[in-house]
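What follows is a single structure, written as structure tokens, with notes after it.
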Amino acid sequence: MGRTDGGARAVSRRTFLAAACTTTALAGGRTAARAAEMPADVPPEDYRIERGRIRQSVYGWCFSPLPIEQLIRACHRMGIPSMDVGPDHYPLLRELGMKVTMTGSHGFRVGPVNRDHHPFCVERLRNGIDLAVGWGAPHVITFTGMREDGIDDQQAAQNCVDCWKQVIGYAEEKGVNLCLEILNSRDDTHPMKGHPGYFGDDVELCIDLIRRVGSPRMKLLFDVYHVQIMNGDVIRRIQQCTDEIGHYHVAGVPGRGELDENQEVNYPAVMRAILATGYTGLVSQEFIPTWPDKLAALRHAVRTCDV
């Protein structure tokens, strides 16, 4: 998950910052514990991507309170071609020859599960498409929204499909993808580690919804972190969903921390599996660093995925 064009998705990211402040003591203890586990071979400050077969991107929200401009310039030095940051920072990306990864829309809470939300969602999706066209971004993110009382799963699914069908023609016309993100509904420990009540929490459900929309511009945002928590069997699912996948997110599982030996996903193997499908899009780093040096954590993650 990333940021938006000033809409609900941006609010959700900024809301995370306020929520994070309430857990400072806990996070501080976790950081201290993880600091001792920081690998001795963390890439140096002048590290630069060597292979580049996996085209990587970075989300700005999860590296707060690191200033976004500092993060952008660090990513540029590493050779990262694209980033997901707020529109205020798009000019700097363009100045540095970098791209915008994805624009936002309606956020993950107020989604098309409820037909009453459709006018809002369609407006935000169309705005996101326009923003993507203006800045050369390939995707606009979308979500199902949260389950609601009185709306069963069959109706919720139909409502989502009906909403996206209202805007997919515009996406086709503009050459932009709508990317539906699967989110896990199991983790309730942190406002950005899990989303209890989210409808689109199953990769097979999301694929079914995408196929029902019936457009090559409707894609899956395959977040490895969320898929591993909800479904597992990540590499097989990548192979089975190849045609529907438009973008990837990565983070350590289960804690959404660094891509290190303390988490359960073998990310080099996952990256090789992605390459084997012929995928040429972006893979976005969206983990929440626990190491004191956030840029060292990013360099380590970027190198891990540079297979």
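Every chain in the structure tokens takes a letter, A first, then B, and so on in the order presented; its residues are numbered from 1, and the ligands are numbered from 1 following the presented order.
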Please identify all polymer residues within 9 Å of region 135-151 of chain A, counting only C-alpha atoms, omitting same-chain residues fewer than 6 positions from it, and present them as a ChimeraX atom specification.
/A:1-2,4,90,94,99-114,121,125,128-129,157,160,175-183,195-200,206,221,246-247
List as a compact mmCIF listing (two decimals) with N, CA and C atoms, in the first residue's frame the protein and nucleic acid residues near region 60-70 of chain A, meaning an atom at most 7 Å away when only C-alpha atoms are counted, but skip any in the same chain fewer than 6 places from it.
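Result saved to result-v2.txt:
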```txt
# COMPACT_ATOMS: atom_id res chain seq x y z
N ARG A 13 -2.33 6.87 5.13
CA ARG A 13 -0.90 6.80 5.40
C ARG A 13 -0.53 7.77 6.52
N ASP A 84 7.07 5.50 -4.74
CA ASP A 84 5.69 5.80 -4.43
C ASP A 84 5.68 6.77 -3.26
N VAL A 85 5.50 8.03 -3.57
CA VAL A 85 5.50 9.12 -2.60
C VAL A 85 4.34 10.06 -2.93
N GLU A 286 8.08 -2.20 0.78
CA GLU A 286 7.09 -1.56 1.63
C GLU A 286 7.14 -2.18 3.04
N PHE A 287 8.33 -2.24 3.58
CA PHE A 287 8.49 -2.76 4.93
C PHE A 287 8.70 -1.60 5.91
N ILE A 288 8.42 -1.85 7.18
CA ILE A 288 8.59 -0.85 8.22
C ILE A 288 9.90 -1.14 8.95
N PRO A 289 10.94 -0.35 8.75
CA PRO A 289 12.24 -0.66 9.35
C PRO A 289 12.19 -0.68 10.88
N LYS A 294 17.55 3.44 9.12
CA LYS A 294 16.52 3.04 8.18
C LYS A 294 17.07 2.87 6.76
```
Minimum-distance residue to Met230 (chain A), chosen among A:Asp201, A:Glu37, A:Glu261, A:Glu123 (using only C-alpha atoms)
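Of all the options, A:Asp201 lies closest to Met230 (chain A).
Atom pair CA of Pro292 (chain A) / CA of Asp223 (chain A): separated by 25.0 Å.
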For Gly214 (chain A), please output as a PDB file with N, CA and C atoms, in the first residue's frame all residues within 12 Å (counting only C-alpha atoms; exclusion window: fewer than 5 positions along the same chain).
```pdb
ATOM      1  N   VAL A 161     -17.278  -5.553  -8.443  1.00  0.00           N
ATOM      2  CA  VAL A 161     -17.162  -5.707  -9.892  1.00  0.00           C
ATOM      3  C   VAL A 161     -17.946  -4.613 -10.614  1.00  0.00           C
ATOM      4  N   ASP A 162     -19.145  -4.338 -10.153  1.00  0.00           N
ATOM      5  CA  ASP A 162     -19.973  -3.316 -10.798  1.00  0.00           C
ATOM      6  C   ASP A 162     -19.309  -1.941 -10.725  1.00  0.00           C
ATOM      7  N   TRP A 164     -15.980  -1.245 -10.436  1.00  0.00           N
ATOM      8  CA  TRP A 164     -14.799  -1.164 -11.302  1.00  0.00           C
ATOM      9  C   TRP A 164     -15.183  -1.133 -12.785  1.00  0.00           C
ATOM     10  N   LYS A 165     -16.280  -1.779 -13.131  1.00  0.00           N
ATOM     11  CA  LYS A 165     -16.718  -1.748 -14.529  1.00  0.00           C
ATOM     12  C   LYS A 165     -17.123  -0.329 -14.949  1.00  0.00           C
ATOM     13  N   ILE A 168     -13.368   1.108 -15.665  1.00  0.00           N
ATOM     14  CA  ILE A 168     -12.309   0.386 -16.372  1.00  0.00           C
ATOM     15  C   ILE A 168     -12.180   0.849 -17.830  1.00  0.00           C
ATOM     16  N   GLY A 169     -13.291   1.276 -18.426  1.00  0.00           N
ATOM     17  CA  GLY A 169     -13.204   1.786 -19.795  1.00  0.00           C
ATOM     18  C   GLY A 169     -12.325   3.023 -19.879  1.00  0.00           C
ATOM     19  N   GLU A 172      -8.766   1.903 -19.679  1.00  0.00           N
ATOM     20  CA  GLU A 172      -8.341   1.358 -20.974  1.00  0.00           C
ATOM     21  C   GLU A 172      -8.023   2.483 -21.950  1.00  0.00           C
ATOM     22  N   ILE A 207      -8.455 -12.594  -7.488  1.00  0.00           N
ATOM     23  CA  ILE A 207      -8.299 -13.014  -8.879  1.00  0.00           C
ATOM     24  C   ILE A 207      -9.663 -13.209  -9.539  1.00  0.00           C
ATOM     25  N   ASP A 208     -10.600 -13.790  -8.809  1.00  0.00           N
ATOM     26  CA  ASP A 208     -11.951 -13.973  -9.351  1.00  0.00           C
ATOM     27  C   ASP A 208     -12.599 -12.630  -9.676  1.00  0.00           C
ATOM     28  N   LEU A 209     -12.454 -11.662  -8.778  1.00  0.00           N
ATOM     29  CA  LEU A 209     -13.024 -10.339  -9.024  1.00  0.00           C
ATOM     30  C   LEU A 209     -12.405  -9.702 -10.263  1.00  0.00           C
ATOM     31  N   LYS A 219      -5.830  -5.423 -12.797  1.00  0.00           N
ATOM     32  CA  LYS A 219      -4.713  -6.256 -12.366  1.00  0.00           C
ATOM     33  C   LYS A 219      -4.723  -6.481 -10.853  1.00  0.00           C
ATOM     34  N   GLU A 244      -2.553 -12.034 -14.330  1.00  0.00           N
ATOM     35  CA  GLU A 244      -3.327 -11.012 -13.621  1.00  0.00           C
ATOM     36  C   GLU A 244      -2.471 -10.069 -12.805  1.00  0.00           C
TER      37      GLU A 244
END
```
DSSP-assigned strand (DSSP E or B) members of region 14-161 of chain A, reported as a PyMOL selection string
chain A and resi 55-59+82-84+99-100+102-103+139-142+146
Quick one: write out the picked residues with N, CA and C atoms as an mmCIF file, in the first residue's frame?
```
data_model
loop_
_atom_site.group_PDB
_atom_site.id
_atom_site.type_symbol
_atom_site.label_atom_id
_atom_site.label_comp_id
_atom_site.auth_asym_id
_atom_site.auth_seq_id
_atom_site.Cartn_x
_atom_site.Cartn_y
_atom_site.Cartn_z
ATOM 1 N N ARG A 55 13.256 -4.665 -11.154
ATOM 2 C CA ARG A 55 13.139 -3.208 -11.115
ATOM 3 C C ARG A 55 12.425 -2.822 -9.822
ATOM 4 N N GLN A 56 13.158 -2.175 -8.938
ATOM 5 C CA GLN A 56 12.636 -1.934 -7.600
ATOM 6 C C GLN A 56 12.094 -0.516 -7.425
ATOM 7 N N SER A 57 11.176 -0.422 -6.486
ATOM 8 C CA SER A 57 10.579 0.846 -6.098
ATOM 9 C C SER A 57 10.537 0.886 -4.572
ATOM 10 N N VAL A 58 10.267 2.054 -4.025
ATOM 11 C CA VAL A 58 10.239 2.229 -2.568
ATOM 12 C C VAL A 58 9.058 3.103 -2.188
ATOM 13 N N TYR A 59 8.352 2.707 -1.134
ATOM 14 C CA TYR A 59 7.261 3.506 -0.583
ATOM 15 C C TYR A 59 7.796 4.440 0.494
ATOM 16 N N SER A 82 12.116 4.137 -9.503
ATOM 17 C CA SER A 82 10.755 4.608 -9.294
ATOM 18 C C SER A 82 10.425 4.623 -7.808
ATOM 19 N N MET A 83 9.494 5.508 -7.419
ATOM 20 C CA MET A 83 9.095 5.578 -6.016
ATOM 21 C C MET A 83 7.609 5.876 -5.897
ATOM 22 N N ASP A 84 7.065 5.498 -4.742
ATOM 23 C CA ASP A 84 5.685 5.803 -4.427
ATOM 24 C C ASP A 84 5.676 6.774 -3.258
ATOM 25 N N LYS A 99 10.674 7.753 -11.787
ATOM 26 C CA LYS A 99 9.273 7.640 -12.162
ATOM 27 C C LYS A 99 8.377 7.542 -10.925
ATOM 28 N N VAL A 100 7.095 7.822 -11.137
ATOM 29 C CA VAL A 100 6.070 7.607 -10.118
ATOM 30 C C VAL A 100 5.569 6.171 -10.273
ATOM 31 N N MET A 102 2.921 4.500 -8.685
ATOM 32 C CA MET A 102 1.494 4.244 -8.668
ATOM 33 C C MET A 102 0.784 5.417 -8.022
ATOM 34 N N THR A 103 -0.369 5.771 -8.535
ATOM 35 C CA THR A 103 -1.153 6.821 -7.895
ATOM 36 C C THR A 103 -2.285 6.189 -7.090
ATOM 37 N N HIS A 139 0.083 2.597 -12.963
ATOM 38 C CA HIS A 139 -1.004 2.006 -12.204
ATOM 39 C C HIS A 139 -1.714 3.018 -11.309
ATOM 40 N N VAL A 140 -2.976 2.694 -11.002
ATOM 41 C CA VAL A 140 -3.742 3.335 -9.937
ATOM 42 C C VAL A 140 -4.177 2.218 -8.991
ATOM 43 N N ILE A 141 -3.992 2.419 -7.707
ATOM 44 C CA ILE A 141 -4.352 1.376 -6.753
ATOM 45 C C ILE A 141 -5.840 1.427 -6.437
ATOM 46 N N THR A 142 -6.405 0.263 -6.175
ATOM 47 C CA THR A 142 -7.785 0.179 -5.702
ATOM 48 C C THR A 142 -7.879 -0.923 -4.663
ATOM 49 N N MET A 146 -13.963 -2.451 3.345
ATOM 50 C CA MET A 146 -14.235 -3.305 4.493
ATOM 51 C C MET A 146 -15.599 -3.993 4.392
#
```
Quick one: everything within 8 Å of His76 (chain A), counting only C-alpha atoms, minus sequence neighbours fewer than 5 positions away in the same chain. Send it as a list of chain:residue names.
A:Pro81, A:Leu96, A:Met98
Store the residues picked out above in a file with N, CA and C atoms, as a PDB file, in the first residue's frame.
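Wrote it out as again-v6.pdb, contents follow:
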```pdb
ATOM      1  N   PRO A  81      14.717   3.079  -9.803  1.00  0.00           N
ATOM      2  CA  PRO A  81      14.143   3.885 -10.885  1.00  0.00           C
ATOM      3  C   PRO A  81      12.820   4.563 -10.575  1.00  0.00           C
ATOM      4  N   LEU A  96      15.096  14.158 -11.062  1.00  0.00           N
ATOM      5  CA  LEU A  96      16.166  13.167 -10.923  1.00  0.00           C
ATOM      6  C   LEU A  96      16.081  12.059 -11.964  1.00  0.00           C
ATOM      7  N   MET A  98      13.559   9.931 -12.220  1.00  0.00           N
ATOM      8  CA  MET A  98      12.860   8.793 -11.636  1.00  0.00           C
ATOM      9  C   MET A  98      11.370   8.846 -12.014  1.00  0.00           C
TER      10      MET A  98
END
```
Select, from A:Pro191, A:Glu173, A:Ser185, A:Trp291, the residue with the minimum atom-to-atom distance to Val133 (chain A), counting only C-alpha atoms.
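With only C-alpha atoms as the atom set, the closest residue is A:Glu173.
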Test item: residues at most 10 Å from Ile54 (chain A), only C-alpha atoms, excluding those fewer than 3 positions along its chain, as a count of residues only
17
For a test of reading the model, state the distance in Å between CA of Ala269 (chain A) and CA of Thr304 (chain A), rounded to one decimal.
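These two atoms are separated by 10.1 Å.
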